[in-house]
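As stored in upload.txt (compact mmCIF, C-alpha atoms):
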```txt
# COMPACT_ATOMS: atom_id res chain seq x y z
CA MET A 209 67.13 174.57 69.34
CA SER A 210 70.71 175.33 70.30
CA TRP A 211 72.09 178.78 69.54
CA PHE A 212 75.69 177.63 70.05
CA LYS A 213 77.79 174.94 68.42
CA ARG A 214 81.28 173.67 69.04
CA LEU A 215 83.63 174.74 66.27
CA ARG A 216 86.42 172.38 67.30
CA GLU A 217 86.25 169.00 68.93
CA GLY A 218 88.40 168.03 71.90
CA ILE A 219 88.74 171.50 73.40
CA GLN A 220 89.84 171.17 77.02
CA THR A 221 90.48 173.72 79.74
CA SER A 222 94.13 173.82 80.74
CA THR A 223 95.03 174.11 84.40
CA LYS A 224 98.79 174.29 83.86
CA PHE A 225 98.80 178.03 84.55
CA LYS A 226 97.94 177.42 88.22
CA LYS A 227 100.92 177.79 90.52
CA GLU A 228 101.37 176.58 94.04
CA VAL A 229 101.66 179.38 96.60
CA PRO A 230 105.02 179.09 98.40
CA ASP A 231 104.99 178.43 102.14
CA GLY A 232 105.47 181.46 104.34
CA VAL A 233 103.71 183.97 102.06
CA TRP A 234 100.32 184.10 103.83
CA HIS A 235 99.20 184.06 107.44
CA LYS A 236 95.73 182.94 108.54
CA CYS A 237 94.51 184.16 111.92
CA LYS A 238 93.48 181.32 114.21
CA SER A 239 90.92 183.54 115.91
CA CYS A 240 88.98 185.29 113.11
CA LYS A 241 90.36 183.33 110.11
CA HIS A 242 91.38 186.54 108.33
CA THR A 243 94.23 186.04 105.85
CA ASN A 244 96.96 188.57 105.18
CA THR A 245 100.53 188.47 103.96
CA MET A 246 103.34 187.39 106.26
CA LYS A 247 104.97 190.76 105.60
CA GLU A 248 101.92 192.62 106.94
CA PHE A 249 101.66 190.15 109.83
CA LYS A 250 105.28 190.68 110.89
CA GLU A 251 105.07 194.45 110.48
CA ASN A 252 102.05 194.36 112.80
CA PHE A 253 104.14 192.74 115.56
CA TYR A 254 102.91 189.20 114.76
CA LYS A 255 99.28 190.17 115.40
CA CYS A 256 96.18 189.85 113.24
CA VAL A 257 95.60 193.11 111.37
CA LYS A 258 91.81 192.62 111.62
CA CYS A 259 91.03 191.34 115.15
CA ASN A 260 94.38 192.08 116.89
CA HIS A 261 94.78 188.44 117.99
CA HIS A 262 98.27 188.01 119.45
CA THR A 263 99.72 184.94 117.74
CA ARG A 264 102.08 182.83 119.84
CA VAL A 265 105.68 183.64 119.01
CA GLY A 266 109.01 182.48 120.39
CA SER A 267 112.02 184.07 122.03
CA GLU A 268 113.58 185.19 118.75
CA GLU A 269 110.50 187.21 117.81
CA TYR A 270 110.25 188.82 121.25
CA PHE A 271 113.93 189.77 121.16
CA GLU A 272 113.34 191.30 117.73
CA VAL A 273 110.42 193.37 119.04
CA ILE A 274 112.07 194.47 122.29
CA PHE A 275 115.82 195.00 121.84
CA ASP A 276 117.23 198.11 120.14
CA ASN A 277 118.01 197.34 116.48
CA ASN A 278 117.47 193.63 117.24
CA LYS A 279 120.94 193.53 118.81
CA TYR A 280 121.52 191.31 121.82
CA THR A 281 123.90 188.73 123.28
CA LEU A 282 122.67 185.23 124.11
CA LEU A 283 123.77 183.83 127.47
CA PHE A 284 124.24 180.28 128.83
CA GLU A 285 123.90 178.62 125.42
CA ASP A 286 126.10 175.73 126.58
CA LEU A 287 123.27 174.33 128.75
CA GLU A 288 121.36 171.48 127.13
CA SER A 289 118.76 168.99 128.41
CA LYS A 290 119.71 165.32 128.80
CA ASP A 291 117.61 162.20 129.37
CA PHE A 292 119.31 161.39 132.67
CA LEU A 293 116.34 159.36 133.94
CA GLU A 294 116.02 157.37 130.67
CA PHE A 295 112.32 158.17 130.75
CA ASN A 296 109.89 156.45 128.39
CA ASP A 297 106.19 157.00 127.74
CA LEU A 298 104.82 156.83 124.17
CA LYS A 299 108.37 157.46 123.01
CA PRO A 300 111.72 157.89 124.80
CA TYR A 301 112.40 161.36 126.24
CA LYS A 302 115.71 161.33 124.37
CA GLU A 303 113.81 161.13 121.07
CA ARG A 304 111.46 163.94 122.15
CA LEU A 305 114.45 166.16 122.91
CA GLU A 306 116.08 165.42 119.57
CA ALA A 307 112.83 166.13 117.70
CA ALA A 308 112.29 169.40 119.60
CA LYS A 309 115.85 170.58 118.91
CA LYS A 310 115.46 169.80 115.22
CA LYS A 311 112.06 171.48 114.98
CA THR A 312 112.96 174.69 116.83
CA ASP A 313 116.73 174.93 116.36
CA LEU A 314 116.90 175.54 120.11
CA LYS A 315 118.62 173.60 122.90
CA ASP A 316 115.74 173.98 125.35
CA ALA A 317 112.51 175.82 126.11
CA ILE A 318 114.08 179.13 127.19
CA SER A 319 116.60 181.59 125.80
CA VAL A 320 118.38 184.26 127.83
CA ALA A 321 119.71 187.45 126.25
CA THR A 322 121.12 190.77 127.35
CA GLY A 323 120.79 194.00 125.42
CA LYS A 324 119.36 197.52 125.40
CA VAL A 325 115.82 198.87 125.36
CA ASN A 326 115.91 202.53 124.34
CA LYS A 327 119.55 202.52 125.49
CA LYS A 328 118.70 201.05 128.90
CA SER A 329 120.23 197.67 129.84
CA ILE A 330 118.06 194.63 130.57
CA ILE A 331 118.36 190.85 130.79
CA ILE A 332 115.46 188.92 129.25
CA ALA A 333 114.69 185.21 129.62
CA ALA A 334 112.03 184.22 127.05
CA MET A 335 110.31 180.85 126.92
CA ASP A 336 109.54 178.96 123.70
CA PHE A 337 106.28 176.99 123.58
CA GLY A 338 107.43 175.13 120.49
CA PHE A 339 110.01 173.23 122.55
CA ILE A 340 107.97 170.48 124.25
CA GLY A 341 105.18 172.93 125.13
CA GLY A 342 107.55 175.37 126.82
CA SER A 343 107.80 172.90 129.68
CA MET A 344 110.06 173.69 132.63
CA GLY A 345 112.82 171.16 133.12
CA SER A 346 116.15 171.35 134.89
CA VAL A 347 117.79 173.41 132.14
CA VAL A 348 115.00 175.98 132.15
CA GLY A 349 115.36 176.34 135.91
CA GLU A 350 119.14 176.56 135.68
CA LYS A 351 119.06 179.19 132.94
CA ILE A 352 116.63 181.31 134.94
CA SER A 353 118.81 180.92 138.05
CA LYS A 354 121.92 181.97 136.12
CA ALA A 355 120.03 184.91 134.60
CA ILE A 356 119.03 186.01 138.11
CA ASP A 357 122.64 185.76 139.29
CA GLU A 358 123.79 187.79 136.28
CA ALA A 359 121.14 190.42 136.97
CA LYS A 360 122.10 190.62 140.64
CA ASN A 361 125.86 190.77 140.02
CA THR A 362 125.57 193.45 137.31
CA GLU A 363 122.61 195.28 138.90
CA THR A 364 120.68 194.90 135.64
CA PRO A 365 116.88 194.62 135.66
CA LEU A 366 115.54 191.17 134.76
CA MET A 367 112.49 190.27 132.71
CA ILE A 368 111.07 186.78 132.18
CA ILE A 369 108.61 186.13 129.35
CA SER A 370 106.55 183.10 130.35
CA LYS A 371 104.89 180.84 127.80
CA SER A 372 104.57 177.33 129.17
CA GLY A 373 102.42 174.27 129.72
CA GLY A 374 104.04 173.76 133.12
CA ALA A 375 106.59 171.37 134.57
CA ARG A 376 108.26 168.80 132.31
CA MET A 377 106.93 165.42 133.44
CA MET A 378 109.76 163.54 131.72
CA GLU A 379 112.17 164.90 134.34
CA SER A 380 109.95 163.97 137.28
CA ALA A 381 110.90 165.55 140.62
CA PHE A 382 113.89 167.32 139.05
CA SER A 383 111.42 169.46 137.14
CA LEU A 384 109.30 170.25 140.21
CA MET A 385 112.43 171.27 142.12
CA GLN A 386 112.86 174.17 139.70
CA MET A 387 109.80 175.87 141.21
CA ALA A 388 111.49 176.22 144.59
CA LYS A 389 114.88 176.93 143.06
CA THR A 390 113.77 179.84 140.89
CA SER A 391 111.57 181.28 143.65
CA ALA A 392 114.47 181.24 146.12
CA LYS A 393 116.74 182.91 143.57
CA LEU A 394 114.18 185.65 142.96
CA SER A 395 114.06 186.27 146.70
CA GLN A 396 117.80 186.93 146.58
CA LEU A 397 117.31 189.31 143.66
CA ALA A 398 114.65 191.22 145.59
CA LYS A 399 116.92 191.54 148.63
CA ALA A 400 119.61 192.96 146.33
CA GLY A 401 117.15 195.63 145.18
CA VAL A 402 117.24 194.65 141.51
CA PRO A 403 113.85 194.82 139.74
CA TYR A 404 112.17 191.81 138.15
CA PHE A 405 109.43 192.17 135.54
CA SER A 406 107.23 189.15 134.83
CA PHE A 407 105.52 189.15 131.43
CA LEU A 408 102.86 186.47 131.05
CA THR A 409 101.84 185.36 127.55
CA ASP A 410 99.54 182.72 126.09
CA PRO A 411 99.63 180.20 127.71
CA THR A 412 101.19 180.51 131.15
CA THR A 413 100.14 177.50 133.21
CA GLY A 414 101.15 174.83 135.73
CA GLY A 415 104.34 175.01 137.74
CA VAL A 416 105.51 178.14 135.92
CA THR A 417 102.45 180.07 137.12
CA ALA A 418 102.97 178.58 140.58
CA SER A 419 106.53 179.89 140.77
CA PHE A 420 108.47 182.64 138.99
CA ALA A 421 105.67 183.88 136.68
CA MET A 422 103.67 185.41 139.56
CA LEU A 423 106.60 186.75 141.59
CA GLY A 424 107.46 189.89 139.64
CA ASP A 425 107.78 193.34 141.09
CA ILE A 426 105.52 194.08 138.14
CA ASN A 427 103.31 191.34 136.66
CA PHE A 428 101.82 192.14 133.27
CA ALA A 429 100.45 190.22 130.31
CA GLU A 430 99.39 190.22 126.68
CA PRO A 431 95.69 190.57 125.80
CA ASN A 432 93.50 187.48 126.11
CA ALA A 433 96.32 185.23 127.33
CA LEU A 434 95.45 182.00 129.14
CA ILE A 435 96.95 182.27 132.63
CA ALA A 436 96.21 179.48 135.10
CA PHE A 437 97.55 176.66 137.21
CA ALA A 438 95.23 173.97 135.82
CA GLY A 439 93.32 174.36 132.57
CA PRO A 440 89.62 175.36 132.56
CA ARG A 441 88.44 171.85 131.67
CA VAL A 442 90.28 170.33 134.64
CA VAL A 443 88.99 173.02 137.01
CA LYS A 444 85.41 172.58 135.83
CA GLU A 445 85.56 168.80 136.26
CA THR A 446 87.06 169.22 139.74
CA ILE A 447 84.62 171.76 141.21
CA LYS A 448 81.61 170.49 139.20
CA LYS A 449 80.49 174.03 138.40
CA ASP A 450 80.36 176.26 135.35
CA LEU A 451 83.18 178.78 135.19
CA PRO A 452 82.72 182.57 134.89
CA GLU A 453 82.92 184.02 131.39
CA GLY A 454 86.50 184.82 130.44
CA PHE A 455 87.81 182.79 133.37
CA GLN A 456 91.64 182.52 133.37
CA THR A 457 92.17 185.19 130.71
CA SER A 458 94.56 188.05 131.37
CA GLU A 459 91.60 190.47 131.43
CA PHE A 460 89.88 188.42 134.15
CA LEU A 461 93.10 188.31 136.22
CA LEU A 462 93.64 192.05 135.82
CA GLU A 463 90.10 192.71 137.09
CA HIS A 464 90.75 190.50 140.13
CA GLY A 465 94.11 192.02 141.04
CA PHE A 466 96.56 189.38 139.85
CA LEU A 467 98.09 191.61 137.14
CA ASP A 468 99.27 195.20 137.13
CA PHE A 469 98.38 195.90 133.51
CA ILE A 470 97.88 194.40 130.05
CA VAL A 471 99.99 195.59 127.15
CA ASP A 472 99.53 195.29 123.40
CA ARG A 473 102.61 193.82 121.71
CA LYS A 474 103.09 196.95 119.61
CA ASP A 475 103.48 198.97 122.83
CA LEU A 476 105.61 196.40 124.64
CA LYS A 477 109.01 197.99 124.05
CA GLU A 478 107.90 201.43 125.21
CA ARG A 479 106.22 200.04 128.34
CA ILE A 480 109.39 198.15 129.25
CA SER A 481 111.37 201.32 128.64
CA ASP A 482 109.03 203.21 131.00
CA LEU A 483 109.49 200.56 133.69
CA LEU A 484 113.27 200.71 133.32
CA HIS A 485 113.15 204.50 133.65
CA ILE A 486 110.97 204.36 136.78
CA PHE A 487 113.01 201.67 138.49
CA SER A 488 116.33 203.32 137.60
CA LYS A 489 115.25 206.21 139.83
CA VAL A 490 114.53 203.76 142.67
CA MET A 491 117.92 202.08 142.15
CA ASN A 492 119.66 205.48 141.78
CA VAL A 493 121.16 204.27 138.52
CA GLU A 494 122.32 206.73 135.89
CA GLU A 495 120.63 206.16 132.52
```
Kindly return the structure encoded in the file as structure tokens.
Amino acid sequence: MSWFKRLREGIQTSTKFKKEVPDGVWHKCKSCKHTNTMKEFKENFYKCVKCNHHTRVGSEEYFEVIFDNNKYTLLFEDLESKDFLEFNDLKPYKERLEAAKKKTDLKDAISVATGKVNKKSIIIAAMDFGFIGGSMGSVVGEKISKAIDEAKNTETPLMIISKSGGARMMESAFSLMQMAKTSAKLSQLAKAGVPYFSFLTDPTTGGVTASFAMLGDINFAEPNALIAFAGPRVVKETIKKDLPEGFQTSEFLLEHGFLDFIVDRKDLKERISDLLHIFSKVMNVEE
């Protein structure tokens, strides 16, 4: 026997009250899958509030975190990549460049800016992984070279934030030439006595690791960043052996002497400020 009966026929549950959540309101951590608001995520320096995973961010976000009051001047914005080899693979390089520019609103995979960190001057070149995997082409090499010249001529410390998949294959040997070019330029900067800080973030690989990323007076990194020449899968297939746990992470490299220290993104500005203070004494520069 039923204790309930329908008083009205045709009653249906309405779902019209359900609203779509606008894009950009929530952030889901790729590491632990924790979800929090974008506001909380940004206020926590673009890190997961639960597991502290450092999400990949671009040059604009790093400049926001590092420079005083988010004030800085962009340099060498007239430089822009061209498909001078008319390279084609699955799609023409020209189309890849146009798509990357539209997606990121950038002209290439690196941005150079000058500004203040706790009132101390610095030039920062920050790579953007969103632009064709942060690959190093001729414009990336030229911007770094010009940043080094600017640092040398103005006696301003230089910092490069690396985040790259390596050399840009679509530019062939012109891309590989940037390894030697940037390394030679950094040698000139060292001879001039101007400090260079190399900050390695996830991922720093390929020709970038094999050139300017490992040539800093101070080499430091974010937690759990992938830092390598070739990826772990390629290395494992080459040597036919299992890799050590944590192989190619920033923690592993710190333990084996490749890095000077690891810094949490929330402490990044103060650590850079400390470095600028220390090296200003070496350079006999008034703060």
> Could you name the residues that touch Ser343 of chain A at 8 Å or less, counting only C-alpha atoms, but leaving out those on the same chain fewer than 5 positions away, as an NGL selection string?
Replying inline: :A and (317 or 337 or 372-376)
Output C-alpha atoms for every residue in that selection, as a PDB file, in the frame of the given file.
```pdb
ATOM      1  CA  ALA A 317     112.510 175.820 126.110  1.00  0.00           C
ATOM      2  CA  PHE A 337     106.280 176.990 123.580  1.00  0.00           C
ATOM      3  CA  SER A 372     104.570 177.330 129.170  1.00  0.00           C
ATOM      4  CA  GLY A 373     102.420 174.270 129.720  1.00  0.00           C
ATOM      5  CA  GLY A 374     104.040 173.760 133.120  1.00  0.00           C
ATOM      6  CA  ALA A 375     106.590 171.370 134.570  1.00  0.00           C
ATOM      7  CA  ARG A 376     108.260 168.800 132.310  1.00  0.00           C
TER       8      ARG A 376
END
```
>> Residues within 10 Å of Phe460 of chain A, please, as an MDAnalysis selection string. Count only C-alpha atoms; anything in the same chain fewer than 5 positions from it doesn't count.
In response: chainID A and resid 432:435 452:455 465:467
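Compared by their closest atoms to Val402 of chain A, and using all atoms listed in the file, the residues A:Ile330, A:Lys448, A:Gly349, A:Val442 rank with A:Ile330 nearest.
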> Which residue, A:Lys302, A:Lys371, A:Lys290, A:Lys393, has the smallest gap to Val347 of chain A when you use only C-alpha atoms?
Replying inline: A:Lys290
> Between atom CA of Phe437 of chain A and atom CA of Val416 of chain A, what is the distance, to one decimal in Å?
Replying inline: 8.2 Å
> So which residues touch segment 247-253 of chain A within 8 Å, counting all atoms listed in the file, skipping near sequence neighbours fewer than 2 positions away, as number ranges by chain?
Replying inline: A: 233, 235, 244-245, 255-257, 273, 473-474
> Excluding same-chain residues fewer than 6 positions from Phe487 of chain A, what lies within 12 Å of it counting all atoms listed in the file, as a ChimeraX atom specification?
Replying inline: /A:328-330,363-366,401-405,425-426,480-481,493-495
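Separating atom CA of Ile274 of chain A from atom CA of Ala436 of chain A is a distance of 25.3 Å.
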> Quick one: residues within 10 Å of Ser353 of chain A, all atoms listed in the file counted, chain neighbours fewer than 6 positions away excluded, as number ranges by chain?
Replying inline: A: 347, 359, 386, 389-394
>> Using Å and a single decimal, report how far atom CA of Phe339 of chain A sits from atom CA of Ile318 of chain A.
In response: 8.5 Å
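Minimum atom-to-atom distances from A:Ala398, A:Ser319, A:Met377, A:Asp276 to Gly415 of chain A were compared using only C-alpha atoms, and the lowest value belongs to A:Met377.
You can rank A:Lys258, A:Ile486, A:Lys354, A:Arg304 by their closest distance to Lys238 of chain A using only C-alpha atoms, and at the top of that list sits A:Lys258.
If you measure from each of A:Val348, A:Phe271, A:Asp297, A:Leu287 to Gly323 of chain A using all atoms listed in the file, the closest one turns out to be A:Phe271.
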Expected answer as a PDB file with C-alpha atoms, in the coordinates of the input: all residues with atoms within 12 Å of (114.7, 190.1, 117.5), all atoms listed in the file:
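Listed below is the output, result11.pdb:
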```
ATOM      1  CA  LYS A 250     105.280 190.680 110.890  1.00  0.00           C
ATOM      2  CA  PHE A 253     104.140 192.740 115.560  1.00  0.00           C
ATOM      3  CA  VAL A 265     105.680 183.640 119.010  1.00  0.00           C
ATOM      4  CA  GLY A 266     109.010 182.480 120.390  1.00  0.00           C
ATOM      5  CA  SER A 267     112.020 184.070 122.030  1.00  0.00           C
ATOM      6  CA  GLU A 268     113.580 185.190 118.750  1.00  0.00           C
ATOM      7  CA  GLU A 269     110.500 187.210 117.810  1.00  0.00           C
ATOM      8  CA  TYR A 270     110.250 188.820 121.250  1.00  0.00           C
ATOM      9  CA  PHE A 271     113.930 189.770 121.160  1.00  0.00           C
ATOM     10  CA  GLU A 272     113.340 191.300 117.730  1.00  0.00           C
ATOM     11  CA  VAL A 273     110.420 193.370 119.040  1.00  0.00           C
ATOM     12  CA  ILE A 274     112.070 194.470 122.290  1.00  0.00           C
ATOM     13  CA  PHE A 275     115.820 195.000 121.840  1.00  0.00           C
ATOM     14  CA  ASP A 276     117.230 198.110 120.140  1.00  0.00           C
ATOM     15  CA  ASN A 277     118.010 197.340 116.480  1.00  0.00           C
ATOM     16  CA  ASN A 278     117.470 193.630 117.240  1.00  0.00           C
ATOM     17  CA  LYS A 279     120.940 193.530 118.810  1.00  0.00           C
ATOM     18  CA  TYR A 280     121.520 191.310 121.820  1.00  0.00           C
ATOM     19  CA  THR A 281     123.900 188.730 123.280  1.00  0.00           C
ATOM     20  CA  LEU A 282     122.670 185.230 124.110  1.00  0.00           C
ATOM     21  CA  ALA A 321     119.710 187.450 126.250  1.00  0.00           C
ATOM     22  CA  THR A 322     121.120 190.770 127.350  1.00  0.00           C
ATOM     23  CA  GLY A 323     120.790 194.000 125.420  1.00  0.00           C
ATOM     24  CA  LYS A 324     119.360 197.520 125.400  1.00  0.00           C
ATOM     25  CA  VAL A 325     115.820 198.870 125.360  1.00  0.00           C
ATOM     26  CA  ILE A 332     115.460 188.920 129.250  1.00  0.00           C
ATOM     27  CA  ALA A 334     112.030 184.220 127.050  1.00  0.00           C
ATOM     28  CA  LYS A 477     109.010 197.990 124.050  1.00  0.00           C
TER      29      LYS A 477
END
```
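For the choices A:Asp336, A:Asp357, A:Glu445, A:Asp291, the atom-to-atom distance to Asp313 of chain A is smallest for A:Asp336 when using all atoms listed in the file.
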